[in-house]
Amino acid sequence: MNRQEFEKRNARAWTDLDLKLNVLESGNKKVADAEKIPSLYRKVTRDLSLAQYRMFGEKLCDRLNHLAIRSHRVLSAQRGAFGESVIRFTLTTFPQAIRRERKLFLISSLLFWVPFFLMWFSARYEITWVQALLGSEQLANIEGMYGEEETIEHLRQQFGSNFEMFAHYINNNVGIDFRLFAGGIFFGLGTIFFLVYNGLAIGGVVGYVEYAGDPQKLWSFVAGHSSFELLGMIVVGMAGLKLGIGMLSPGQSGWGASLTKAGKEGLPLLIGGSCMTALAAVVEGFWSAQPMPSEIKYAVGITFWVLHVLYFTFVGRGRSEA
Amino acid sequence: MPRPLQRIDTLQTTELAEGVEIHLRTAGPFLRMVAWTLDLAVTIGLLIVFGILSLLIALFSGFENGFERVSSGFMMLAFFTVFWFYPVIFEAGKKGSTWGKRALGLRVVNESGTRITMGQAMVRNFIRGMELILPILPLVAFFHPRFQRLGDLAAGTLVVYARPRVDPVEASPPSLQSVPVQVALTREEQAAILSFRDRNTRWSEARKVELINHLAPLSGKEGPEGLARVLGMARWLEERK
């Protein structure tokens, strides 16, 4: 069979498939004889390999190639219901990913907590380290928030400012998470830098409030959202470290493949961790500054920490991987 | 079917579950830089629009009871969404491309040619932000056979042309003679001769001759005569089947 005959014999099927794909791609779900698409697709793939093998020319091959790609795209576009995948992610994929990467969790935690406590305790002996790190503007800020006179509750009486702070925390903290993750591409150095720096800065704030302000104000403010925010950052740090390891030790699969693997395995950590940070922003914006006895706030904070530990340890155990 | 190890085309060959090979045409770094510049303009435009909206919110709030602060909160959320998620939402969407890429006929796909997930789009776009800090990094794409930058590698994505090639293939007038080929040619070589036949009508006579002189050992002649012989061989190759 020569090319002309081949084209003549199959042109109708090709045009038919082309028209159906046009309808589907324009977003319309109602196509006449949609059930025929898989068999038409198989026909086109057969015709394509035939045309390639018999060298029927680039024009024909390009056309069939494009038809095959488009049908493949349409047929493989199975999307589960959004709600279902959210539930599956929360109950299975995410906590399982954390447990699978225990070691990274430990490393990421240490990268944050060691500088945190170092900076905090350094303030008890020598305050200049903290002063040098935070700078005078930020110190004045801290004194304003956690100083002896005013209270945060005072500053945040209105809905508008709660919302504003919520937006600020989303933009700032979740943005930091994303940079923390992407910084892993510099052989993990970016991630390590952000984790250590955050540990130093947050530890410095705690140390300075102990030195110059009222620590109880600080603790009752941060209690509620601390578990979400700090654990979220550490989890995203794990994803960044994963990228760094992928860059550093390609192993046998080669550099590109190892990076792809690292990205794939780190993805649940990135998504889960930044969702935790976003939740922290909700708590921090609308709960943490409510006028409330600090005992209640401590109790809520401790409850959240315990719930996090339980969640990471037990949820999704024994369930098959999604 | 023997194949030369290093091809100099930009096709990414993928074998599908159906056993057929499809070819994705990957897009080069220059075009993608243009697309990125367009997207930068779109991002700035979107931010200006949201800025105006938040100003309007501030005006209607009447600057009472702290409601004007809703407007600055709105602006921060808008900035966050546009800055981080404009490319993510569009690349994970149905068209698979930001407005800049769409204008240039590009789209982002999986290595098997299908639509990418939200997660993949996040990985490739967030890493781009970092790559731009050290602008040597995106240049990795120049040296990668599939033009993947680090973000693409981490997400497992490719940037490809969304539509088949536009350069027209015109049938040349059939060659008058049919010249038998005396040497056993590989399939690649046969395909090269046939594809030369399909595409040569767009080129100048001098260019055709220049190319065809490389085949002088095969056709035995140089110059226009060699050209005629090679076209005759193309006819022979096709008739033989």
# chains A, B, ... in the order shown; residues from 1 in each chain; ligands from 1
$ closest_atom_pairs --of "stretch 30-138 of chain B" --to "stretch 70-94 of chain A" --cutoff "10 Å" --atoms "only C-alpha atoms" --output "CSV"
residue,atom,partner,partner_atom,distance
B:Lys94,CA,A:Ala77,CA,9.7
B:Val109,CA,A:Arg73,CA,9.4
B:Asn110,CA,A:Arg73,CA,10.0
B:Ser112,CA,A:Arg73,CA,9.1
B:Gly113,CA,A:Arg73,CA,6.9
B:Thr114,CA,A:Arg73,CA,4.8
B:Arg115,CA,A:Arg73,CA,6.6
B:Ile116,CA,A:Ala77,CA,9.6
B:Thr117,CA,A:Arg79,CA,9.6
$ write_last_selection --atoms "N, CA and C atoms" --output "short mmCIF file (atom, residue, chain, number, x, y, z; two decimals), in the first residue's frame"
data_model
loop_
_atom_site.label_atom_id
_atom_site.label_comp_id
_atom_site.auth_asym_id
_atom_site.auth_seq_id
_atom_site.Cartn_x
_atom_site.Cartn_y
_atom_site.Cartn_z
N LYS B 94 -6.04 23.48 32.03
CA LYS B 94 -6.33 22.68 30.85
C LYS B 94 -5.38 22.95 29.70
N VAL B 109 4.33 19.98 29.79
CA VAL B 109 3.76 18.63 29.87
C VAL B 109 4.66 17.73 30.70
N ASN B 110 4.11 16.60 31.07
CA ASN B 110 4.87 15.51 31.66
C ASN B 110 5.86 14.96 30.66
N SER B 112 5.73 12.18 29.53
CA SER B 112 4.98 11.35 28.59
C SER B 112 3.95 12.17 27.82
N GLY B 113 4.02 13.50 27.90
CA GLY B 113 3.18 14.34 27.07
C GLY B 113 1.83 14.70 27.66
N THR B 114 1.54 14.27 28.89
CA THR B 114 0.23 14.57 29.46
C THR B 114 0.31 15.82 30.34
N ARG B 115 -0.90 16.25 30.77
CA ARG B 115 -1.02 17.46 31.58
C ARG B 115 -0.32 17.27 32.93
N ILE B 116 0.31 18.33 33.43
CA ILE B 116 1.03 18.19 34.70
C ILE B 116 0.08 18.47 35.87
N THR B 117 0.46 18.00 37.05
CA THR B 117 -0.36 18.21 38.23
C THR B 117 0.01 19.55 38.88
#
$ select_by_dssp --residues "stretch 76-207 of chain A" --states "alpha helix (DSSP H)" --output "compact mmCIF listing (two decimals) with N, CA, C and O atoms, in the first residue's frame"
# COMPACT_ATOMS: atom_id res chain seq x y z
N PHE A 82 -11.73 16.37 43.88
CA PHE A 82 -10.77 17.15 44.67
C PHE A 82 -10.87 16.80 46.15
O PHE A 82 -9.86 16.51 46.80
N GLY A 83 -12.11 16.76 46.67
CA GLY A 83 -12.30 16.46 48.08
C GLY A 83 -11.69 15.13 48.47
O GLY A 83 -11.04 14.99 49.50
N GLU A 84 -11.91 14.14 47.61
CA GLU A 84 -11.39 12.81 47.89
C GLU A 84 -9.88 12.82 48.01
O GLU A 84 -9.30 12.23 48.92
N SER A 85 -9.22 13.53 47.07
CA SER A 85 -7.76 13.50 47.13
C SER A 85 -7.23 14.27 48.34
O SER A 85 -6.19 13.92 48.89
N VAL A 86 -7.97 15.31 48.76
CA VAL A 86 -7.55 16.03 49.97
C VAL A 86 -7.60 15.10 51.17
O VAL A 86 -6.66 15.02 51.97
N ILE A 87 -8.70 14.35 51.29
CA ILE A 87 -8.84 13.44 52.43
C ILE A 87 -7.76 12.37 52.39
O ILE A 87 -7.11 12.08 53.40
N ARG A 88 -7.53 11.81 51.21
CA ARG A 88 -6.52 10.76 51.12
C ARG A 88 -5.13 11.31 51.49
O ARG A 88 -4.35 10.67 52.18
N PHE A 94 0.43 12.09 53.49
CA PHE A 94 1.30 13.03 54.19
C PHE A 94 1.94 12.43 55.45
O PHE A 94 3.16 12.41 55.57
N PRO A 95 1.13 11.89 56.40
CA PRO A 95 1.81 11.31 57.59
C PRO A 95 2.72 10.15 57.25
O PRO A 95 3.78 9.98 57.88
N GLN A 96 2.36 9.38 56.21
CA GLN A 96 3.25 8.28 55.82
C GLN A 96 4.58 8.82 55.30
O GLN A 96 5.64 8.26 55.57
N ALA A 97 4.51 9.91 54.51
CA ALA A 97 5.74 10.49 53.96
C ALA A 97 6.64 10.96 55.10
O ALA A 97 7.87 10.79 55.04
N ILE A 98 6.06 11.54 56.14
CA ILE A 98 6.87 12.00 57.27
C ILE A 98 7.57 10.81 57.93
O ILE A 98 8.76 10.88 58.25
N ARG A 99 6.82 9.73 58.14
CA ARG A 99 7.42 8.58 58.82
C ARG A 99 8.49 7.94 57.95
O ARG A 99 9.51 7.48 58.45
N ARG A 100 8.27 7.94 56.63
CA ARG A 100 9.26 7.33 55.74
C ARG A 100 10.58 8.10 55.83
O ARG A 100 11.65 7.54 55.67
N ARG A 102 11.94 9.72 58.42
CA ARG A 102 12.28 10.01 59.82
C ARG A 102 13.61 10.73 59.98
O ARG A 102 13.75 11.71 60.69
N LYS A 103 14.64 10.19 59.30
CA LYS A 103 15.99 10.74 59.49
C LYS A 103 16.04 12.20 59.07
O LYS A 103 16.61 13.03 59.77
N LEU A 104 15.40 12.48 57.91
CA LEU A 104 15.39 13.86 57.45
C LEU A 104 14.66 14.76 58.44
O LEU A 104 15.05 15.90 58.67
N PHE A 105 13.59 14.21 59.05
CA PHE A 105 12.85 14.99 60.04
C PHE A 105 13.77 15.36 61.20
O PHE A 105 13.79 16.50 61.65
N LEU A 106 14.57 14.40 61.61
CA LEU A 106 15.50 14.64 62.72
C LEU A 106 16.52 15.72 62.32
O LEU A 106 16.74 16.69 63.06
N ILE A 107 17.09 15.57 61.12
CA ILE A 107 18.10 16.53 60.68
C ILE A 107 17.51 17.94 60.58
O ILE A 107 18.06 18.91 61.08
N SER A 108 16.33 18.00 59.93
CA SER A 108 15.69 19.30 59.74
C SER A 108 15.34 19.93 61.09
O SER A 108 15.53 21.14 61.29
N SER A 109 14.86 19.10 62.04
CA SER A 109 14.53 19.64 63.36
C SER A 109 15.77 20.18 64.06
O SER A 109 15.75 21.28 64.61
N LEU A 110 16.85 19.41 63.99
CA LEU A 110 18.07 19.85 64.67
C LEU A 110 18.56 21.17 64.07
O LEU A 110 19.00 22.07 64.79
N LEU A 111 18.46 21.28 62.72
CA LEU A 111 18.93 22.50 62.07
C LEU A 111 18.17 23.71 62.57
O LEU A 111 18.67 24.83 62.54
N PHE A 112 16.93 23.50 63.01
CA PHE A 112 16.17 24.62 63.55
C PHE A 112 16.38 24.77 65.06
O PHE A 112 16.68 25.86 65.56
N TRP A 113 16.22 23.68 65.82
CA TRP A 113 16.16 23.80 67.28
C TRP A 113 17.51 24.12 67.91
O TRP A 113 17.57 24.85 68.91
N VAL A 114 18.60 23.59 67.37
CA VAL A 114 19.91 23.87 67.98
C VAL A 114 20.23 25.36 67.95
O VAL A 114 20.50 25.96 69.01
N PRO A 115 20.15 26.01 66.78
CA PRO A 115 20.40 27.47 66.80
C PRO A 115 19.37 28.22 67.65
O PRO A 115 19.71 29.22 68.28
N PHE A 116 18.13 27.72 67.67
CA PHE A 116 17.08 28.36 68.46
C PHE A 116 17.49 28.43 69.94
O PHE A 116 17.52 29.50 70.54
N PHE A 117 17.84 27.27 70.53
CA PHE A 117 18.17 27.26 71.95
C PHE A 117 19.49 27.98 72.21
O PHE A 117 19.64 28.67 73.23
N LEU A 118 20.45 27.84 71.28
CA LEU A 118 21.73 28.54 71.46
C LEU A 118 21.48 30.04 71.59
O LEU A 118 21.99 30.71 72.50
N MET A 119 20.68 30.58 70.69
CA MET A 119 20.45 32.01 70.67
C MET A 119 19.66 32.45 71.90
O MET A 119 19.96 33.48 72.52
N TRP A 120 18.67 31.64 72.25
CA TRP A 120 17.84 31.96 73.41
C TRP A 120 18.72 32.04 74.67
O TRP A 120 18.69 33.02 75.41
N PHE A 121 19.51 31.00 74.89
CA PHE A 121 20.28 30.98 76.13
C PHE A 121 21.44 31.96 76.10
O PHE A 121 21.89 32.42 77.15
N SER A 122 21.90 32.27 74.88
CA SER A 122 22.99 33.26 74.82
C SER A 122 22.54 34.59 75.40
O SER A 122 23.32 35.33 75.98
N ALA A 123 21.21 34.88 75.25
CA ALA A 123 20.70 36.17 75.73
C ALA A 123 20.81 36.27 77.25
O ALA A 123 20.88 37.37 77.80
N ARG A 124 20.81 35.14 77.96
CA ARG A 124 20.88 35.19 79.42
C ARG A 124 22.27 35.61 79.89
O ARG A 124 22.42 36.11 81.00
N TYR A 125 23.27 35.34 79.05
CA TYR A 125 24.63 35.69 79.46
C TYR A 125 25.12 36.95 78.78
O TYR A 125 25.81 37.76 79.37
N THR A 128 24.32 41.10 73.57
CA THR A 128 24.76 41.78 72.34
C THR A 128 24.60 40.90 71.10
O THR A 128 24.38 41.40 70.00
N TRP A 129 24.72 39.59 71.26
CA TRP A 129 24.55 38.70 70.10
C TRP A 129 23.17 38.90 69.51
O TRP A 129 23.01 39.06 68.30
N VAL A 130 22.16 38.87 70.40
CA VAL A 130 20.79 39.03 69.94
C VAL A 130 20.59 40.40 69.31
O VAL A 130 20.00 40.54 68.24
N GLN A 131 21.15 41.42 69.98
CA GLN A 131 20.99 42.78 69.45
C GLN A 131 21.60 42.91 68.07
O GLN A 131 21.04 43.54 67.18
N ALA A 132 22.76 42.28 67.89
CA ALA A 132 23.44 42.37 66.60
C ALA A 132 22.63 41.66 65.53
O ALA A 132 22.52 42.14 64.39
N LEU A 133 22.05 40.55 65.88
CA LEU A 133 21.33 39.75 64.87
C LEU A 133 20.03 40.42 64.46
O LEU A 133 19.70 40.49 63.27
N LEU A 134 19.26 40.94 65.44
CA LEU A 134 17.92 41.42 65.12
C LEU A 134 17.91 42.86 64.63
O LEU A 134 17.02 43.24 63.87
N GLY A 135 18.84 43.69 65.05
CA GLY A 135 18.85 45.07 64.59
C GLY A 135 17.88 45.92 65.40
O GLY A 135 16.88 45.44 65.92
N SER A 136 18.18 47.23 65.45
CA SER A 136 17.45 48.09 66.40
C SER A 136 15.97 48.22 66.04
O SER A 136 15.11 48.27 66.91
N GLU A 137 15.67 48.23 64.75
CA GLU A 137 14.28 48.43 64.35
C GLU A 137 13.40 47.30 64.85
O GLU A 137 12.34 47.50 65.43
N GLN A 138 13.91 46.06 64.65
CA GLN A 138 13.13 44.90 65.06
C GLN A 138 13.03 44.84 66.58
O GLN A 138 12.01 44.42 67.11
N LEU A 139 14.11 45.26 67.26
CA LEU A 139 14.07 45.24 68.73
C LEU A 139 12.98 46.19 69.23
O LEU A 139 12.22 45.85 70.15
N ALA A 140 12.88 47.35 68.59
CA ALA A 140 11.85 48.31 68.99
C ALA A 140 10.46 47.71 68.77
O ALA A 140 9.56 47.84 69.60
N ASN A 141 10.32 47.02 67.66
CA ASN A 141 9.08 46.32 67.35
C ASN A 141 8.70 45.34 68.45
O ASN A 141 7.55 45.29 68.89
N ILE A 142 9.70 44.53 68.82
CA ILE A 142 9.45 43.51 69.84
C ILE A 142 9.03 44.17 71.14
O ILE A 142 8.09 43.73 71.81
N GLU A 143 9.74 45.27 71.49
CA GLU A 143 9.38 45.96 72.73
C GLU A 143 7.95 46.48 72.65
O GLU A 143 7.20 46.43 73.63
N GLY A 144 7.55 46.95 71.45
CA GLY A 144 6.18 47.43 71.29
C GLY A 144 5.17 46.32 71.51
O GLY A 144 4.11 46.53 72.11
N MET A 145 5.47 45.13 71.00
CA MET A 145 4.50 44.04 71.08
C MET A 145 4.48 43.37 72.45
O MET A 145 3.42 43.05 72.98
N TYR A 146 5.67 43.10 72.98
CA TYR A 146 5.71 42.30 74.21
C TYR A 146 6.26 43.09 75.39
O TYR A 146 6.69 42.52 76.38
N ILE A 152 -0.96 43.05 73.11
CA ILE A 152 -1.31 42.78 71.72
C ILE A 152 -2.82 42.83 71.54
O ILE A 152 -3.34 43.30 70.54
N GLU A 153 -3.53 42.34 72.58
CA GLU A 153 -4.99 42.35 72.51
C GLU A 153 -5.48 43.77 72.25
O GLU A 153 -6.43 43.99 71.50
N HIS A 154 -4.77 44.73 72.85
CA HIS A 154 -5.12 46.12 72.68
C HIS A 154 -4.97 46.56 71.23
O HIS A 154 -5.80 47.27 70.68
N LEU A 155 -3.87 46.10 70.63
CA LEU A 155 -3.56 46.55 69.28
C LEU A 155 -4.45 45.91 68.23
O LEU A 155 -4.56 46.38 67.12
N PHE A 159 -11.71 43.53 63.61
CA PHE A 159 -11.64 42.47 62.61
C PHE A 159 -10.64 42.81 61.53
O PHE A 159 -9.84 42.00 61.11
N GLY A 160 -10.67 44.08 61.08
CA GLY A 160 -9.81 44.49 59.97
C GLY A 160 -8.35 44.18 60.24
O GLY A 160 -7.66 43.63 59.39
N SER A 161 -7.89 44.47 61.45
CA SER A 161 -6.48 44.25 61.67
C SER A 161 -6.17 42.77 61.85
O SER A 161 -5.09 42.31 61.52
N ASN A 162 -7.13 41.99 62.39
CA ASN A 162 -6.92 40.54 62.42
C ASN A 162 -6.72 40.00 61.02
O ASN A 162 -5.82 39.22 60.76
N PHE A 163 -7.61 40.44 60.10
CA PHE A 163 -7.51 39.97 58.72
C PHE A 163 -6.19 40.40 58.11
O PHE A 163 -5.52 39.64 57.42
N GLU A 164 -5.82 41.65 58.39
CA GLU A 164 -4.57 42.15 57.82
C GLU A 164 -3.40 41.31 58.29
O GLU A 164 -2.52 40.93 57.51
N MET A 165 -3.39 40.98 59.60
CA MET A 165 -2.29 40.18 60.11
C MET A 165 -2.30 38.78 59.51
O MET A 165 -1.26 38.23 59.17
N PHE A 166 -3.51 38.22 59.36
CA PHE A 166 -3.62 36.90 58.73
C PHE A 166 -2.99 36.93 57.34
O PHE A 166 -2.16 36.09 56.99
N ALA A 167 -3.36 37.94 56.53
CA ALA A 167 -2.81 38.06 55.18
C ALA A 167 -1.30 38.22 55.22
O ALA A 167 -0.56 37.63 54.43
N HIS A 168 -0.84 39.00 56.20
CA HIS A 168 0.60 39.22 56.32
C HIS A 168 1.32 37.90 56.61
O HIS A 168 2.35 37.60 56.02
N TYR A 169 0.75 37.10 57.52
CA TYR A 169 1.41 35.84 57.88
C TYR A 169 1.40 34.87 56.71
O TYR A 169 2.37 34.14 56.50
N GLY A 175 5.41 32.17 52.08
CA GLY A 175 6.44 32.55 51.11
C GLY A 175 7.81 32.06 51.54
O GLY A 175 8.59 31.55 50.73
N ILE A 176 8.11 32.18 52.84
CA ILE A 176 9.39 31.68 53.36
C ILE A 176 9.48 30.17 53.16
O ILE A 176 10.52 29.64 52.76
N ASP A 177 8.36 29.47 53.41
CA ASP A 177 8.35 28.03 53.18
C ASP A 177 8.74 27.69 51.75
O ASP A 177 9.55 26.79 51.52
N PHE A 178 8.16 28.42 50.80
CA PHE A 178 8.44 28.10 49.40
C PHE A 178 9.91 28.34 49.07
O PHE A 178 10.54 27.58 48.34
N ARG A 179 10.48 29.42 49.65
CA ARG A 179 11.89 29.69 49.39
C ARG A 179 12.76 28.63 50.07
O ARG A 179 13.79 28.22 49.55
N LEU A 180 12.31 28.24 51.26
CA LEU A 180 13.03 27.21 52.02
C LEU A 180 13.14 25.94 51.19
O LEU A 180 14.20 25.31 51.11
N PHE A 181 12.03 25.58 50.53
CA PHE A 181 12.03 24.39 49.68
C PHE A 181 12.95 24.60 48.48
O PHE A 181 13.85 23.81 48.23
N ALA A 182 12.73 25.69 47.75
CA ALA A 182 13.46 25.89 46.50
C ALA A 182 14.95 26.07 46.76
O ALA A 182 15.78 25.70 45.93
N LEU A 189 22.08 23.94 50.45
CA LEU A 189 22.60 25.04 51.26
C LEU A 189 21.53 26.09 51.56
O LEU A 189 21.48 26.61 52.67
N GLY A 190 20.68 26.39 50.57
CA GLY A 190 19.63 27.39 50.79
C GLY A 190 18.70 26.97 51.92
O GLY A 190 18.37 27.77 52.80
N THR A 191 18.31 25.70 51.91
CA THR A 191 17.42 25.20 52.95
C THR A 191 18.09 25.28 54.32
O THR A 191 17.49 25.75 55.29
N ILE A 192 19.34 24.83 54.38
CA ILE A 192 20.05 24.85 55.66
C ILE A 192 20.15 26.29 56.16
O ILE A 192 19.90 26.57 57.33
N PHE A 193 20.47 27.22 55.24
CA PHE A 193 20.60 28.61 55.65
C PHE A 193 19.30 29.12 56.26
O PHE A 193 19.29 29.69 57.35
N PHE A 194 18.17 28.91 55.55
CA PHE A 194 16.89 29.44 56.05
C PHE A 194 16.50 28.81 57.38
O PHE A 194 15.99 29.48 58.27
N LEU A 195 16.73 27.49 57.53
CA LEU A 195 16.37 26.83 58.79
C LEU A 195 17.19 27.39 59.94
O LEU A 195 16.66 27.76 60.99
N VAL A 196 18.52 27.47 59.74
CA VAL A 196 19.39 27.95 60.80
C VAL A 196 19.07 29.40 61.12
O VAL A 196 18.94 29.80 62.28
N TYR A 197 18.87 30.19 60.06
CA TYR A 197 18.59 31.61 60.28
C TYR A 197 17.30 31.81 61.06
O TYR A 197 17.23 32.61 61.99
N ASN A 198 16.25 31.05 60.67
CA ASN A 198 14.99 31.15 61.41
C ASN A 198 15.15 30.72 62.85
O ASN A 198 14.58 31.34 63.76
N GLY A 199 15.94 29.66 63.07
CA GLY A 199 16.19 29.22 64.44
C GLY A 199 16.85 30.33 65.24
O GLY A 199 16.42 30.66 66.35
N LEU A 200 17.88 30.95 64.65
CA LEU A 200 18.59 32.03 65.35
C LEU A 200 17.64 33.20 65.63
O LEU A 200 17.59 33.72 66.75
N ALA A 201 16.87 33.60 64.61
CA ALA A 201 16.05 34.80 64.77
C ALA A 201 14.94 34.57 65.80
O ALA A 201 14.70 35.42 66.67
N ILE A 202 14.26 33.40 65.70
CA ILE A 202 13.16 33.17 66.63
C ILE A 202 13.70 32.98 68.04
O ILE A 202 13.17 33.53 69.02
N GLY A 203 14.82 32.25 68.16
CA GLY A 203 15.46 32.11 69.47
C GLY A 203 15.87 33.46 70.03
O GLY A 203 15.74 33.73 71.22
N GLY A 204 16.34 34.34 69.14
CA GLY A 204 16.76 35.67 69.55
C GLY A 204 15.58 36.48 70.09
O GLY A 204 15.71 37.18 71.10
N VAL A 205 14.43 36.37 69.40
CA VAL A 205 13.25 37.10 69.87
C VAL A 205 12.88 36.63 71.27
O VAL A 205 12.65 37.46 72.19
N VAL A 206 12.85 35.31 71.46
CA VAL A 206 12.50 34.77 72.79
C VAL A 206 13.48 35.30 73.84
O VAL A 206 13.08 35.79 74.91
N GLY A 207 14.78 35.23 73.50
CA GLY A 207 15.78 35.70 74.44
C GLY A 207 15.62 37.17 74.77
O GLY A 207 15.73 37.58 75.93
$ select_by_dssp --residues "stretch 85-191 of chain B" --states "strand (DSSP E or B)" --output "MDAnalysis selection string"
chainID B and resid 106:110 115 157:161
$ write_last_selection --atoms "all heavy atoms" --output "tab-separated table (two decimals), in the first residue's frame"
chain	number	residue	atom	x	y	z
B	106	LEU	N	3.62	27.47	23.27
B	106	LEU	CA	4.30	26.47	24.09
B	106	LEU	C	3.33	25.93	25.14
B	106	LEU	O	2.36	26.57	25.49
B	106	LEU	CB	5.50	27.08	24.81
B	106	LEU	CG	6.51	27.80	23.95
B	106	LEU	CD1	7.61	28.37	24.82
B	106	LEU	CD2	7.09	26.86	22.93
B	107	ARG	N	3.65	24.75	25.66
B	107	ARG	CA	2.92	24.27	26.83
B	107	ARG	C	3.82	23.38	27.66
B	107	ARG	O	4.84	22.89	27.18
B	107	ARG	CB	1.62	23.56	26.44
B	107	ARG	CG	1.79	22.19	25.87
B	107	ARG	CD	0.45	21.59	25.52
B	107	ARG	NE	-0.28	21.15	26.70
B	107	ARG	CZ	-1.60	21.01	26.73
B	107	ARG	NH1	-2.33	21.29	25.69
B	107	ARG	NH2	-2.19	20.57	27.82
B	108	VAL	N	3.45	23.21	28.93
B	108	VAL	CA	4.24	22.39	29.84
B	108	VAL	C	3.57	21.04	29.97
B	108	VAL	O	2.37	20.97	30.19
B	108	VAL	CB	4.33	23.05	31.23
B	108	VAL	CG1	5.28	22.27	32.11
B	108	VAL	CG2	4.79	24.48	31.09
B	109	VAL	N	4.33	19.98	29.79
B	109	VAL	CA	3.76	18.63	29.87
B	109	VAL	C	4.66	17.73	30.70
B	109	VAL	O	5.82	18.05	30.97
B	109	VAL	CB	3.59	18.00	28.47
B	109	VAL	CG1	2.57	18.76	27.66
B	109	VAL	CG2	4.92	17.93	27.75
B	110	ASN	N	4.11	16.60	31.07
B	110	ASN	CA	4.87	15.51	31.66
B	110	ASN	C	5.86	14.96	30.66
B	110	ASN	O	5.70	15.17	29.47
B	110	ASN	CB	3.91	14.36	31.97
B	110	ASN	CG	3.53	14.34	33.40
B	110	ASN	OD1	4.38	14.53	34.25
B	110	ASN	ND2	2.26	14.13	33.65
B	115	ARG	N	-0.90	16.25	30.77
B	115	ARG	CA	-1.02	17.46	31.58
B	115	ARG	C	-0.32	17.27	32.93
B	115	ARG	O	-0.36	16.18	33.50
B	115	ARG	CB	-2.52	17.66	31.79
B	115	ARG	CG	-2.91	18.87	32.53
B	115	ARG	CD	-4.43	18.98	32.41
B	115	ARG	NE	-5.00	19.61	33.57
B	115	ARG	CZ	-6.32	19.74	33.77
B	115	ARG	NH1	-7.15	19.24	32.87
B	115	ARG	NH2	-6.77	20.33	34.83
B	157	THR	N	9.14	17.64	34.21
B	157	THR	CA	8.32	18.25	33.17
B	157	THR	C	9.16	18.68	31.97
B	157	THR	O	10.37	18.81	32.06
B	157	THR	CB	7.61	19.51	33.71
B	157	THR	OG1	8.59	20.38	34.28
B	157	THR	CG2	6.59	19.14	34.76
B	158	LEU	N	8.47	18.91	30.86
B	158	LEU	CA	9.10	19.40	29.64
B	158	LEU	C	8.30	20.60	29.14
B	158	LEU	O	7.10	20.66	29.36
B	158	LEU	CB	9.02	18.35	28.54
B	158	LEU	CG	9.79	17.06	28.64
B	158	LEU	CD1	9.36	16.17	27.50
B	158	LEU	CD2	11.27	17.36	28.53
B	159	VAL	N	8.98	21.51	28.45
B	159	VAL	CA	8.25	22.55	27.74
B	159	VAL	C	8.29	22.19	26.26
B	159	VAL	O	9.37	22.03	25.70
B	159	VAL	CB	8.85	23.93	27.98
B	159	VAL	CG1	8.07	24.98	27.22
B	159	VAL	CG2	8.84	24.26	29.46
B	160	VAL	N	7.11	22.02	25.67
B	160	VAL	CA	7.05	21.58	24.28
B	160	VAL	C	6.21	22.54	23.45
B	160	VAL	O	5.48	23.37	23.99
B	160	VAL	CB	6.43	20.17	24.16
B	160	VAL	CG1	7.26	19.16	24.92
B	160	VAL	CG2	5.00	20.16	24.65
B	161	TYR	N	6.32	22.39	22.11
B	161	TYR	CA	5.43	23.13	21.24
B	161	TYR	C	4.05	22.48	21.30
B	161	TYR	O	3.94	21.25	21.26
B	161	TYR	CB	5.94	23.08	19.80
B	161	TYR	CG	7.17	23.93	19.60
B	161	TYR	CD1	8.44	23.40	19.79
B	161	TYR	CD2	7.06	25.26	19.23
B	161	TYR	CE1	9.57	24.18	19.62
B	161	TYR	CE2	8.18	26.04	19.05
B	161	TYR	CZ	9.44	25.49	19.25
B	161	TYR	OH	10.54	26.27	19.09
$ closest_atom_pairs --of "chain B" --to "chain A" --cutoff "7 Å" --atoms "only C-alpha atoms" --output "CSV"
residue,atom,partner,partner_atom,distance
B:Val20,CA,A:Thr45,CA,5.8
B:Ile22,CA,A:Asn65,CA,5.8
B:His23,CA,A:Asn65,CA,6.7
B:Gly66,CA,A:Gly160,CA,5.4
B:Phe67,CA,A:Gly160,CA,4.8
B:Arg69,CA,A:Gly160,CA,5.1
B:Val70,CA,A:Gly160,CA,4.9
B:Ser72,CA,A:Glu164,CA,6.4
B:Gly73,CA,A:Glu164,CA,4.0
B:Met76,CA,A:Ala167,CA,5.8
B:Leu77,CA,A:Ala167,CA,5.5
B:Phe80,CA,A:Asn171,CA,5.3
B:Gly113,CA,A:Ile69,CA,6.6
B:Thr114,CA,A:Arg73,CA,4.8
B:Arg115,CA,A:Arg73,CA,6.6
B:Gly119,CA,A:Leu267,CA,6.6
B:Phe126,CA,A:Ala182,CA,5.9
B:Ile127,CA,A:Ala182,CA,4.7
B:Met130,CA,A:Ala182,CA,6.0
B:Leu153,CA,A:Thr260,CA,5.3
B:Ala154,CA,A:Thr260,CA,4.2
B:Ala155,CA,A:Gly263,CA,5.8
B:Gly156,CA,A:Thr260,CA,5.4
B:Pro164,CA,A:His66,CA,6.3
B:Val169,CA,A:Lys59,CA,6.6
B:Ala191,CA,A:Met55,CA,6.4
B:Ser195,CA,A:Gly57,CA,6.6
$ residues_around --residues "stretch 96-100 of chain B" --least-positions-apart "6" --cutoff "6 Å" --atoms "only C-alpha atoms" --output "PyMOL selection string"
chain B and resi 35+38-39+87+90+107-108
$ closest_residue --among "A:Ala34, A:Met276, A:Ile234, A:Ala299" --to "A:Ser220" --atoms "only C-alpha atoms"
A:Ala299
$ closest_residue --among "A:Phe314, A:Tyr211, A:His225, A:Asn22" --to "A:Phe286" --atoms "only C-alpha atoms"
A:His225
